[in-house]
Amino acid sequence: MGDKNTLIEQLTGVNSSKLNYYLELKQRNAEILKQNSRLEILQQLTRDMNIDMSLEDILERAFAKLPQALPCDFLGLATLVKDQLVLKSMVPKDFMEAGILPDHALSWQVIRTRQAGIFDPQPSYQSHLRHNASYPSPLRSLAAAPVIERTEVIGVLLVGSIDPDAYSDAELRFVQHLADQLAISIKNAHLYKQVFRAKKEWEQTFRAVTDPIVLIDADYNVLLHNDRLPEEMMANWLRGLGGKCHERLHGLPEPCRECPVEDVKRHARPFHHRTQTTAGNIFDISYYPVCNEEGQVVAITVFMKDVTEKTKMEARLVQSAKLAAIGEMAAGVAHELNSPMTVIIGTAQMLARDLEGRPVEGEALADIIQCGLRCKRIIQNLLTFSRQEQVPMAETDLNAEVRRVLSLIKYQINRSQIHIVEDLDPALPSVMANGQQIQQVVTNFLVNARDALTAKPEGDKTIVVASRLVEKDQRPWAALSVRDNGVGIAPENLQRIFTPFYTSKEATKGTGLGLSVSLGIAETHHGRIEVESLPGEGSTFTLLLPAD
């Protein structure tokens, strides 16, 4: 009787209430653990779904975790593409065959109602889904939830199981949460693609700019560049171990003196200046501030524009204007002198005829006539040289052009106690050239040779003007050279002598344009100028023109 009473108390009394309480608590704890597990899965999926992942990768990551939270033998995503619903991705990839889903498909029902639902997929196998026979059992339960991006349905998430009645309302809510998370991942992936595409287009545009561009921060660190630096800067750029602009661009351990970056940081406005490299290239450099929302300069964009050719063109225009003015003046003077010289020569010739037989007077008149004829030839050459019209290329005797130049300036050179030696090859063939421009080049060579000899303190001063036919690059060239035994050119200045406005002469004796203009003339004739020089021994300037 004691045992029966104890059993009755356990079934109907206080002990029975305690047992029911503990059973209910145990069920609630199991449900809480299950919900925590699902939350952990969602959190894990959130971390795993990177913005640069494809839909296939996202589904595979989700499929690997889902069986811990609910029955899952199949995971798929059907997306809307131009008003058509396509089963685009699934895991396993070969579980079934499906393409465009018809209007009566279960997924369309979810899209139209915008509500998640639990379905029996068996009828779908007969209408539009084809189950892969390599899997032993088809799906018997299907949970579908709409994938909504903002307010627009973009697809349907499908979770299937081979067990019948595998899903309840609790599992369906979890599938909807998973679909919402998937929508966020898809949106982030689209945004990432747009940003990446814009970044790629910007980088392609940045690197397509032919002029050098360097982005540095406020501490002189190089952040970005487009690999367009000139060749003479590349040595320091590659050798610079640090990331500072003064190390990479100029090879200096400290910032440049009066660095424009400081001015840009201080005033937050662009700065422009012009500089010349050791190789003679001229750059216009612009510094543009990059400011944050507070207006503080956080970076500086350095834009370098190679204006070497532009400067040469400007120099040629300046020189052409000067030559035009000098030519007009010389032509006027020559015309004015031509008439009296004609009278002098004519009168002297008549006097010589009248005084024929008187040796003293006849000899004096002969000198007058000879000098007058020489002056007339000089005036004629000056008139020819001063013509400003553009003479087209024609068959040109280079030796004749050299002699015309010598007749004009030989006297000036001889006044400086300089001996001129002519070594002209009589067999030199004619070339296609502009004779006036060839005279200009030879004149520049001779004037530079004279100045180099004037600076020579003592010793013999000689200029050798030579012409010859040479073979270079497997083709014949007509060469006109002017060699002097003057002071020569320092090696570090050889690469700068053709730079416009560069000159080693005093400010009143040179503009630095002669060789620049001469180089332009040589290039116009498809030729080139070669220079050989040794300090203290002299220089040789050679104009090479194609003779073929």
# chains A, B, ... in the order shown; residues from 1 in each chain; ligands from 1

call {"tool": "residues_around", "arguments": {"residues": "Phe303 of chain A", "least_positions_apart": "4", "cutoff": "8 Å", "atoms": "only C-alpha atoms", "output": "PDB file with N, CA, C and O atoms, in the first residue's frame"}}
result
ATOM      1  N   ASP A 211      51.177  61.412 -70.422  1.00  0.00           N
ATOM      2  CA  ASP A 211      52.046  62.235 -69.591  1.00  0.00           C
ATOM      3  C   ASP A 211      52.143  61.637 -68.191  1.00  0.00           C
ATOM      4  O   ASP A 211      51.194  61.020 -67.697  1.00  0.00           O
ATOM      5  N   PRO A 212      53.278  61.829 -67.513  1.00  0.00           N
ATOM      6  CA  PRO A 212      53.446  61.256 -66.166  1.00  0.00           C
ATOM      7  C   PRO A 212      52.486  61.886 -65.160  1.00  0.00           C
ATOM      8  O   PRO A 212      52.300  63.105 -65.132  1.00  0.00           O
ATOM      9  N   ILE A 213      51.868  61.020 -64.339  1.00  0.00           N
ATOM     10  CA  ILE A 213      51.007  61.459 -63.242  1.00  0.00           C
ATOM     11  C   ILE A 213      51.419  60.683 -61.993  1.00  0.00           C
ATOM     12  O   ILE A 213      51.546  59.454 -62.031  1.00  0.00           O
ATOM     13  N   VAL A 214      51.642  61.399 -60.894  1.00  0.00           N
ATOM     14  CA  VAL A 214      52.030  60.785 -59.626  1.00  0.00           C
ATOM     15  C   VAL A 214      51.120  61.334 -58.541  1.00  0.00           C
ATOM     16  O   VAL A 214      50.904  62.554 -58.461  1.00  0.00           O
ATOM     17  N   ILE A 285      55.259  71.273 -64.799  1.00  0.00           N
ATOM     18  CA  ILE A 285      54.784  70.423 -63.701  1.00  0.00           C
ATOM     19  C   ILE A 285      53.700  71.181 -62.941  1.00  0.00           C
ATOM     20  O   ILE A 285      53.906  72.333 -62.527  1.00  0.00           O
ATOM     21  N   SER A 286      52.561  70.532 -62.756  1.00  0.00           N
ATOM     22  CA  SER A 286      51.435  71.115 -62.033  1.00  0.00           C
ATOM     23  C   SER A 286      51.135  70.266 -60.805  1.00  0.00           C
ATOM     24  O   SER A 286      51.124  69.031 -60.882  1.00  0.00           O
ATOM     25  N   TYR A 287      50.884  70.943 -59.685  1.00  0.00           N
ATOM     26  CA  TYR A 287      50.551  70.278 -58.420  1.00  0.00           C
ATOM     27  C   TYR A 287      49.122  70.667 -58.054  1.00  0.00           C
ATOM     28  O   TYR A 287      48.825  71.851 -57.867  1.00  0.00           O
TER      29      TYR A 287
END

call {"tool": "select_by_dssp", "arguments": {"residues": "segment 53-116 of chain A", "states": "alpha helix (DSSP H)", "output": "list of chain:residue names"}}
result
A:Leu55, A:Glu56, A:Asp57, A:Ile58, A:Leu59, A:Glu60, A:Arg61, A:Ala62, A:Phe63, A:Ala64, A:Lys65, A:Leu106, A:Ser107, A:Trp108, A:Gln109, A:Val110, A:Ile111, A:Arg112, A:Thr113

call {"tool": "residues_around", "arguments": {"residues": "Phe95 of chain A", "least_positions_apart": "2", "cutoff": "6 Å", "atoms": "only C-alpha atoms", "output": "PyMOL selection string"}}
result
chain A and resi 92-93+132

call {"tool": "residues_around", "arguments": {"residues": "Asn434 of chain A", "least_positions_apart": "3", "cutoff": "9 Å", "atoms": "only C-alpha atoms", "output": "NGL selection string"}}
result
:A and (390-396 or 437-439 or 525)

call {"tool": "write_last_selection", "arguments": {"atoms": "all heavy atoms", "output": "PDB file, in the first residue's frame"}}
result
ATOM      1  N   GLN A 390      59.454  80.460 -98.798  1.00  0.00           N
ATOM      2  CA  GLN A 390      59.757  79.053 -98.604  1.00  0.00           C
ATOM      3  C   GLN A 390      60.128  78.424 -99.937  1.00  0.00           C
ATOM      4  O   GLN A 390      59.285  78.215-100.799  1.00  0.00           O
ATOM      5  CB  GLN A 390      58.558  78.316 -97.981  1.00  0.00           C
ATOM      6  CG  GLN A 390      58.273  78.713 -96.548  1.00  0.00           C
ATOM      7  CD  GLN A 390      59.391  78.314 -95.626  1.00  0.00           C
ATOM      8  OE1 GLN A 390      60.066  77.297 -95.842  1.00  0.00           O
ATOM      9  NE2 GLN A 390      59.632  79.122 -94.607  1.00  0.00           N
ATOM     10  N   VAL A 391      61.434  78.164-100.120  1.00  0.00           N
ATOM     11  CA  VAL A 391      61.895  77.545-101.360  1.00  0.00           C
ATOM     12  C   VAL A 391      61.726  76.038-101.227  1.00  0.00           C
ATOM     13  O   VAL A 391      62.168  75.448-100.241  1.00  0.00           O
ATOM     14  CB  VAL A 391      63.377  77.904-101.622  1.00  0.00           C
ATOM     15  CG1 VAL A 391      63.867  77.236-102.891  1.00  0.00           C
ATOM     16  CG2 VAL A 391      63.524  79.412-101.709  1.00  0.00           C
ATOM     17  N   PRO A 392      61.104  75.363-102.163  1.00  0.00           N
ATOM     18  CA  PRO A 392      60.926  73.912-102.056  1.00  0.00           C
ATOM     19  C   PRO A 392      62.245  73.185-102.220  1.00  0.00           C
ATOM     20  O   PRO A 392      63.250  73.750-102.654  1.00  0.00           O
ATOM     21  CB  PRO A 392      59.957  73.611-103.211  1.00  0.00           C
ATOM     22  CG  PRO A 392      60.175  74.717-104.185  1.00  0.00           C
ATOM     23  CD  PRO A 392      60.494  75.933-103.361  1.00  0.00           C
ATOM     24  N   MET A 393      62.214  71.903-101.855  1.00  0.00           N
ATOM     25  CA  MET A 393      63.399  71.062-102.022  1.00  0.00           C
ATOM     26  C   MET A 393      63.757  70.979-103.506  1.00  0.00           C
ATOM     27  O   MET A 393      62.889  70.859-104.371  1.00  0.00           O
ATOM     28  CB  MET A 393      63.131  69.667-101.472  1.00  0.00           C
ATOM     29  CG  MET A 393      62.794  69.651 -99.996  1.00  0.00           C
ATOM     30  SD  MET A 393      64.221  69.959 -98.966  1.00  0.00           S
ATOM     31  CE  MET A 393      63.502  69.738 -97.328  1.00  0.00           C
ATOM     32  N   ALA A 394      65.056  71.015-103.760  1.00  0.00           N
ATOM     33  CA  ALA A 394      65.535  70.928-105.140  1.00  0.00           C
ATOM     34  C   ALA A 394      66.927  70.321-105.134  1.00  0.00           C
ATOM     35  O   ALA A 394      67.560  70.174-104.070  1.00  0.00           O
ATOM     36  CB  ALA A 394      65.547  72.309-105.793  1.00  0.00           C
ATOM     37  N   GLU A 395      67.404  69.933-106.304  1.00  0.00           N
ATOM     38  CA  GLU A 395      68.776  69.431-106.419  1.00  0.00           C
ATOM     39  C   GLU A 395      69.736  70.532-105.972  1.00  0.00           C
ATOM     40  O   GLU A 395      69.743  71.642-106.531  1.00  0.00           O
ATOM     41  CB  GLU A 395      69.063  69.040-107.867  1.00  0.00           C
ATOM     42  CG  GLU A 395      68.323  67.781-108.320  1.00  0.00           C
ATOM     43  CD  GLU A 395      68.973  66.518-107.779  1.00  0.00           C
ATOM     44  OE1 GLU A 395      70.142  66.605-107.338  1.00  0.00           O
ATOM     45  OE2 GLU A 395      68.320  65.463-107.789  1.00  0.00           O
ATOM     46  N   THR A 396      70.523  70.245-104.967  1.00  0.00           N
ATOM     47  CA  THR A 396      71.354  71.273-104.349  1.00  0.00           C
ATOM     48  C   THR A 396      72.807  70.825-104.310  1.00  0.00           C
ATOM     49  O   THR A 396      73.107  69.687-103.888  1.00  0.00           O
ATOM     50  CB  THR A 396      70.868  71.575-102.914  1.00  0.00           C
ATOM     51  OG1 THR A 396      69.487  71.965-102.963  1.00  0.00           O
ATOM     52  CG2 THR A 396      71.687  72.676-102.276  1.00  0.00           C
ATOM     53  N   GLN A 437      68.193  76.991 -96.199  1.00  0.00           N
ATOM     54  CA  GLN A 437      68.246  76.385 -94.871  1.00  0.00           C
ATOM     55  C   GLN A 437      69.599  75.720 -94.618  1.00  0.00           C
ATOM     56  O   GLN A 437      70.115  75.755 -93.490  1.00  0.00           O
ATOM     57  CB  GLN A 437      67.108  75.384 -94.704  1.00  0.00           C
ATOM     58  CG  GLN A 437      65.737  76.031 -94.668  1.00  0.00           C
ATOM     59  CD  GLN A 437      64.622  75.018 -94.439  1.00  0.00           C
ATOM     60  OE1 GLN A 437      64.817  73.815 -94.569  1.00  0.00           O
ATOM     61  NE2 GLN A 437      63.437  75.520 -94.107  1.00  0.00           N
ATOM     62  N   ILE A 438      70.203  75.123 -95.644  1.00  0.00           N
ATOM     63  CA  ILE A 438      71.540  74.546 -95.482  1.00  0.00           C
ATOM     64  C   ILE A 438      72.534  75.662 -95.158  1.00  0.00           C
ATOM     65  O   ILE A 438      73.428  75.492 -94.312  1.00  0.00           O
ATOM     66  CB  ILE A 438      71.953  73.792 -96.765  1.00  0.00           C
ATOM     67  CG1 ILE A 438      70.970  72.653 -97.044  1.00  0.00           C
ATOM     68  CG2 ILE A 438      73.370  73.262 -96.631  1.00  0.00           C
ATOM     69  CD1 ILE A 438      70.851  71.644 -95.938  1.00  0.00           C
ATOM     70  N   GLN A 439      72.402  76.814 -95.807  1.00  0.00           N
ATOM     71  CA  GLN A 439      73.268  77.949 -95.492  1.00  0.00           C
ATOM     72  C   GLN A 439      73.110  78.361 -94.026  1.00  0.00           C
ATOM     73  O   GLN A 439      74.089  78.686 -93.348  1.00  0.00           O
ATOM     74  CB  GLN A 439      72.930  79.128 -96.403  1.00  0.00           C
ATOM     75  CG  GLN A 439      73.276  78.927 -97.866  1.00  0.00           C
ATOM     76  CD  GLN A 439      72.869  80.140 -98.697  1.00  0.00           C
ATOM     77  OE1 GLN A 439      72.854  81.256 -98.213  1.00  0.00           O
ATOM     78  NE2 GLN A 439      72.528  79.893 -99.952  1.00  0.00           N
ATOM     79  N   HIS A 525      64.920  67.632 -93.265  1.00  0.00           N
ATOM     80  CA  HIS A 525      65.559  67.025 -94.439  1.00  0.00           C
ATOM     81  C   HIS A 525      65.807  65.520 -94.245  1.00  0.00           C
ATOM     82  O   HIS A 525      66.546  64.919 -95.012  1.00  0.00           O
ATOM     83  CB  HIS A 525      66.904  67.712 -94.714  1.00  0.00           C
ATOM     84  CG  HIS A 525      66.764  69.089 -95.302  1.00  0.00           C
ATOM     85  ND1 HIS A 525      66.362  70.184 -94.553  1.00  0.00           N
ATOM     86  CD2 HIS A 525      66.974  69.557 -96.564  1.00  0.00           C
ATOM     87  CE1 HIS A 525      66.337  71.257 -95.327  1.00  0.00           C
ATOM     88  NE2 HIS A 525      66.696  70.922 -96.553  1.00  0.00           N
TER      89      HIS A 525
END

call {"tool": "closest_residue", "arguments": {"among": "A:Ser137, A:Cys259, A:Gly155, A:Ala105", "to": "Val81 of chain A", "atoms": "only C-alpha atoms"}}
result
A:Gly155

call {"tool": "residues_around", "arguments": {"residues": "Pro255 of chain A", "least_positions_apart": "5", "cutoff": "10 Å", "atoms": "only C-alpha atoms", "output": "ChimeraX atom specification"}}
result
/A:219-220,244-247,250,261-262

call {"tool": "write_last_selection", "arguments": {"atoms": "all heavy atoms", "output": "CSV table (one decimal), in the first residue's frame"}}
result
chain,number,residue,atom,x,y,z
A,219,ASP,N,52.7,63.5,-46.7
A,219,ASP,CA,54.0,63.2,-46.1
A,219,ASP,C,55.0,62.8,-47.2
A,219,ASP,O,56.0,62.1,-46.9
A,219,ASP,CB,53.9,62.1,-45.1
A,219,ASP,CG,53.1,62.6,-43.9
A,219,ASP,OD1,53.2,63.8,-43.5
A,219,ASP,OD2,52.4,61.8,-43.3
A,220,TYR,N,54.7,63.1,-48.5
A,220,TYR,CA,55.6,62.8,-49.6
A,220,TYR,C,55.6,61.4,-50.0
A,220,TYR,O,56.4,61.0,-50.9
A,220,TYR,CB,57.0,63.3,-49.4
A,220,TYR,CG,57.2,64.8,-49.0
A,220,TYR,CD1,57.3,65.1,-47.7
A,220,TYR,CD2,57.2,65.7,-50.0
A,220,TYR,CE1,57.4,66.5,-47.3
A,220,TYR,CE2,57.3,67.1,-49.6
A,220,TYR,CZ,57.4,67.4,-48.3
A,220,TYR,OH,57.5,68.8,-48.0
A,244,LYS,N,59.1,57.8,-50.8
A,244,LYS,CA,59.0,59.3,-50.8
A,244,LYS,C,59.3,59.7,-52.2
A,244,LYS,O,60.1,59.2,-53.0
A,244,LYS,CB,60.1,59.9,-49.9
A,244,LYS,CG,60.0,59.4,-48.4
A,244,LYS,CD,58.7,59.9,-47.8
A,244,LYS,CE,58.7,59.6,-46.3
A,244,LYS,NZ,57.5,60.0,-45.6
A,245,CYS,N,58.5,60.8,-52.6
A,245,CYS,CA,58.6,61.3,-53.9
A,245,CYS,C,60.0,61.9,-54.2
A,245,CYS,O,60.5,61.8,-55.3
A,245,CYS,CB,57.6,62.4,-54.2
A,245,CYS,SG,57.7,63.9,-53.2
A,246,HIS,N,60.7,62.6,-53.2
A,246,HIS,CA,62.0,63.2,-53.5
A,246,HIS,C,63.0,62.1,-53.7
A,246,HIS,O,64.0,62.3,-54.4
A,246,HIS,CB,62.4,64.1,-52.4
A,246,HIS,CG,62.2,63.5,-51.0
A,246,HIS,ND1,63.1,62.7,-50.4
A,246,HIS,CD2,61.2,63.7,-50.1
A,246,HIS,CE1,62.7,62.3,-49.2
A,246,HIS,NE2,61.5,62.9,-49.0
A,247,GLU,N,62.8,60.9,-53.1
A,247,GLU,CA,63.7,59.8,-53.4
A,247,GLU,C,63.5,59.1,-54.7
A,247,GLU,O,64.4,58.8,-55.5
A,247,GLU,CB,63.6,58.7,-52.2
A,247,GLU,CG,64.0,59.2,-50.9
A,247,GLU,CD,63.7,58.2,-49.8
A,247,GLU,OE1,62.9,57.2,-50.1
A,247,GLU,OE2,64.2,58.3,-48.7
A,250,HIS,N,63.9,62.3,-57.6
A,250,HIS,CA,65.1,63.1,-57.7
A,250,HIS,C,66.3,62.4,-57.1
A,250,HIS,O,67.4,62.9,-57.2
A,250,HIS,CB,64.9,64.5,-57.1
A,250,HIS,CG,63.7,65.2,-57.6
A,250,HIS,ND1,63.6,65.6,-58.9
A,250,HIS,CD2,62.5,65.5,-57.1
A,250,HIS,CE1,62.4,66.2,-59.1
A,250,HIS,NE2,61.7,66.2,-58.0
A,261,VAL,N,55.2,71.2,-53.0
A,261,VAL,CA,54.2,70.5,-52.2
A,261,VAL,C,53.9,71.3,-50.9
A,261,VAL,O,52.7,71.3,-50.5
A,261,VAL,CB,54.7,69.1,-51.9
A,261,VAL,CG1,53.8,68.4,-50.9
A,261,VAL,CG2,54.9,68.2,-53.1
A,262,GLU,N,54.9,71.9,-50.3
A,262,GLU,CA,54.6,72.7,-49.1
A,262,GLU,C,53.7,73.8,-49.4
A,262,GLU,O,52.8,74.2,-48.6
A,262,GLU,CB,55.9,73.2,-48.5
A,262,GLU,CG,56.8,72.1,-47.9
A,262,GLU,CD,56.1,71.4,-46.8
A,262,GLU,OE1,55.3,72.0,-46.0
A,262,GLU,OE2,56.3,70.1,-46.6

call {"tool": "decode", "arguments": {"residues": "segment 243-351 of chain A", "atoms": "C-alpha atoms", "output": "PDB file, in the first residue's frame"}}
result
ATOM      1  CA  GLY A 243      58.282  55.529 -51.011  1.00  0.00           C
ATOM      2  CA  LYS A 244      59.050  59.256 -50.798  1.00  0.00           C
ATOM      3  CA  CYS A 245      58.637  61.338 -53.935  1.00  0.00           C
ATOM      4  CA  HIS A 246      61.973  63.150 -53.486  1.00  0.00           C
ATOM      5  CA  GLU A 247      63.730  59.770 -53.357  1.00  0.00           C
ATOM      6  CA  ARG A 248      61.853  58.215 -56.269  1.00  0.00           C
ATOM      7  CA  LEU A 249      61.871  61.248 -58.588  1.00  0.00           C
ATOM      8  CA  HIS A 250      65.098  63.074 -57.732  1.00  0.00           C
ATOM      9  CA  GLY A 251      67.202  60.615 -55.709  1.00  0.00           C
ATOM     10  CA  LEU A 252      67.337  62.998 -52.727  1.00  0.00           C
ATOM     11  CA  PRO A 253      67.173  61.851 -49.087  1.00  0.00           C
ATOM     12  CA  GLU A 254      65.321  65.013 -48.028  1.00  0.00           C
ATOM     13  CA  PRO A 255      62.492  67.027 -49.618  1.00  0.00           C
ATOM     14  CA  CYS A 256      63.588  69.417 -52.354  1.00  0.00           C
ATOM     15  CA  ARG A 257      64.443  72.964 -51.362  1.00  0.00           C
ATOM     16  CA  GLU A 258      61.381  75.200 -51.753  1.00  0.00           C
ATOM     17  CA  CYS A 259      59.317  72.124 -52.608  1.00  0.00           C
ATOM     18  CA  PRO A 260      56.008  73.105 -54.290  1.00  0.00           C
ATOM     19  CA  VAL A 261      54.217  70.472 -52.201  1.00  0.00           C
ATOM     20  CA  GLU A 262      54.601  72.672 -49.126  1.00  0.00           C
ATOM     21  CA  ASP A 263      53.031  75.605 -50.958  1.00  0.00           C
ATOM     22  CA  VAL A 264      50.087  73.418 -52.057  1.00  0.00           C
ATOM     23  CA  LYS A 265      49.607  72.092 -48.491  1.00  0.00           C
ATOM     24  CA  ARG A 266      49.786  75.599 -47.026  1.00  0.00           C
ATOM     25  CA  HIS A 267      47.411  77.368 -49.429  1.00  0.00           C
ATOM     26  CA  ALA A 268      45.337  74.426 -50.793  1.00  0.00           C
ATOM     27  CA  ARG A 269      45.621  75.729 -54.348  1.00  0.00           C
ATOM     28  CA  PRO A 270      47.354  74.493 -57.521  1.00  0.00           C
ATOM     29  CA  PHE A 271      50.990  75.317 -58.186  1.00  0.00           C
ATOM     30  CA  HIS A 272      52.696  75.383 -61.591  1.00  0.00           C
ATOM     31  CA  HIS A 273      56.323  75.670 -62.617  1.00  0.00           C
ATOM     32  CA  ARG A 274      58.685  74.671 -65.443  1.00  0.00           C
ATOM     33  CA  THR A 275      61.818  72.586 -65.043  1.00  0.00           C
ATOM     34  CA  GLN A 276      64.486  71.065 -67.259  1.00  0.00           C
ATOM     35  CA  THR A 277      65.993  67.602 -66.815  1.00  0.00           C
ATOM     36  CA  THR A 278      69.668  66.758 -67.207  1.00  0.00           C
ATOM     37  CA  ALA A 279      68.886  65.259 -70.618  1.00  0.00           C
ATOM     38  CA  GLY A 280      67.499  68.597 -71.796  1.00  0.00           C
ATOM     39  CA  ASN A 281      63.786  67.721 -71.720  1.00  0.00           C
ATOM     40  CA  ILE A 282      61.529  70.528 -70.545  1.00  0.00           C
ATOM     41  CA  PHE A 283      58.501  69.769 -68.337  1.00  0.00           C
ATOM     42  CA  ASP A 284      55.619  71.882 -67.124  1.00  0.00           C
ATOM     43  CA  ILE A 285      54.784  70.423 -63.701  1.00  0.00           C
ATOM     44  CA  SER A 286      51.435  71.115 -62.033  1.00  0.00           C
ATOM     45  CA  TYR A 287      50.551  70.278 -58.420  1.00  0.00           C
ATOM     46  CA  TYR A 288      46.840  69.917 -57.628  1.00  0.00           C
ATOM     47  CA  PRO A 289      45.548  69.513 -54.031  1.00  0.00           C
ATOM     48  CA  VAL A 290      43.201  66.675 -53.062  1.00  0.00           C
ATOM     49  CA  CYS A 291      41.123  67.783 -50.063  1.00  0.00           C
ATOM     50  CA  ASN A 292      38.881  65.905 -47.637  1.00  0.00           C
ATOM     51  CA  GLU A 293      35.455  67.015 -46.421  1.00  0.00           C
ATOM     52  CA  GLU A 294      37.040  69.411 -43.906  1.00  0.00           C
ATOM     53  CA  GLY A 295      39.039  71.109 -46.654  1.00  0.00           C
ATOM     54  CA  GLN A 296      42.355  69.686 -45.484  1.00  0.00           C
ATOM     55  CA  VAL A 297      44.907  68.638 -48.100  1.00  0.00           C
ATOM     56  CA  VAL A 298      45.344  64.882 -47.807  1.00  0.00           C
ATOM     57  CA  ALA A 299      47.080  64.224 -51.145  1.00  0.00           C
ATOM     58  CA  ILE A 300      48.644  66.016 -54.096  1.00  0.00           C
ATOM     59  CA  THR A 301      48.345  65.047 -57.751  1.00  0.00           C
ATOM     60  CA  VAL A 302      51.541  65.827 -59.669  1.00  0.00           C
ATOM     61  CA  PHE A 303      50.976  66.168 -63.419  1.00  0.00           C
ATOM     62  CA  MET A 304      54.023  66.472 -65.695  1.00  0.00           C
ATOM     63  CA  LYS A 305      53.660  67.706 -69.275  1.00  0.00           C
ATOM     64  CA  ASP A 306      56.568  67.273 -71.688  1.00  0.00           C
ATOM     65  CA  VAL A 307      56.762  70.589 -73.548  1.00  0.00           C
ATOM     66  CA  THR A 308      60.170  70.042 -75.139  1.00  0.00           C
ATOM     67  CA  GLU A 309      58.841  69.931 -78.694  1.00  0.00           C
ATOM     68  CA  LYS A 310      56.487  72.810 -78.010  1.00  0.00           C
ATOM     69  CA  THR A 311      59.376  74.904 -76.692  1.00  0.00           C
ATOM     70  CA  LYS A 312      61.474  74.018 -79.710  1.00  0.00           C
ATOM     71  CA  MET A 313      58.653  75.091 -81.988  1.00  0.00           C
ATOM     72  CA  GLU A 314      58.281  78.366 -80.113  1.00  0.00           C
ATOM     73  CA  ALA A 315      62.038  78.887 -80.366  1.00  0.00           C
ATOM     74  CA  ARG A 316      61.927  78.245 -84.099  1.00  0.00           C
ATOM     75  CA  LEU A 317      59.115  80.744 -84.488  1.00  0.00           C
ATOM     76  CA  VAL A 318      61.086  83.335 -82.532  1.00  0.00           C
ATOM     77  CA  GLN A 319      64.169  82.649 -84.608  1.00  0.00           C
ATOM     78  CA  SER A 320      62.153  82.786 -87.825  1.00  0.00           C
ATOM     79  CA  ALA A 321      60.741  86.161 -86.822  1.00  0.00           C
ATOM     80  CA  LYS A 322      64.226  87.439 -86.065  1.00  0.00           C
ATOM     81  CA  LEU A 323      65.590  86.098 -89.320  1.00  0.00           C
ATOM     82  CA  ALA A 324      62.690  87.643 -91.210  1.00  0.00           C
ATOM     83  CA  ALA A 325      63.406  91.041 -89.658  1.00  0.00           C
ATOM     84  CA  ILE A 326      67.150  90.710 -90.289  1.00  0.00           C
ATOM     85  CA  GLY A 327      66.466  89.507 -93.819  1.00  0.00           C
ATOM     86  CA  GLU A 328      64.265  92.459 -94.621  1.00  0.00           C
ATOM     87  CA  MET A 329      66.835  94.834 -93.202  1.00  0.00           C
ATOM     88  CA  ALA A 330      69.711  93.092 -95.015  1.00  0.00           C
ATOM     89  CA  ALA A 331      67.773  93.088 -98.274  1.00  0.00           C
ATOM     90  CA  GLY A 332      67.137  96.811 -97.949  1.00  0.00           C
ATOM     91  CA  VAL A 333      70.771  97.549 -97.175  1.00  0.00           C
ATOM     92  CA  ALA A 334      71.946  95.299-100.008  1.00  0.00           C
ATOM     93  CA  HIS A 335      69.641  97.025-102.477  1.00  0.00           C
ATOM     94  CA  GLU A 336      70.860 100.419-101.306  1.00  0.00           C
ATOM     95  CA  LEU A 337      74.508  99.356-101.715  1.00  0.00           C
ATOM     96  CA  ASN A 338      73.983  97.604-105.020  1.00  0.00           C
ATOM     97  CA  SER A 339      73.390 100.804-107.026  1.00  0.00           C
ATOM     98  CA  PRO A 340      76.422 102.798-105.787  1.00  0.00           C
ATOM     99  CA  MET A 341      78.631  99.711-106.175  1.00  0.00           C
ATOM    100  CA  THR A 342      77.505  99.416-109.788  1.00  0.00           C
ATOM    101  CA  VAL A 343      78.428 103.083-110.346  1.00  0.00           C
ATOM    102  CA  ILE A 344      81.809 102.640-108.642  1.00  0.00           C
ATOM    103  CA  ILE A 345      82.685  99.569-110.697  1.00  0.00           C
ATOM    104  CA  GLY A 346      81.491 101.150-113.963  1.00  0.00           C
ATOM    105  CA  THR A 347      83.344 104.397-113.350  1.00  0.00           C
ATOM    106  CA  ALA A 348      86.516 102.540-112.383  1.00  0.00           C
ATOM    107  CA  GLN A 349      86.317 100.440-115.537  1.00  0.00           C
ATOM    108  CA  MET A 350      85.907 103.568-117.727  1.00  0.00           C
ATOM    109  CA  LEU A 351      88.845 105.261-115.994  1.00  0.00           C
TER     110      LEU A 351
END
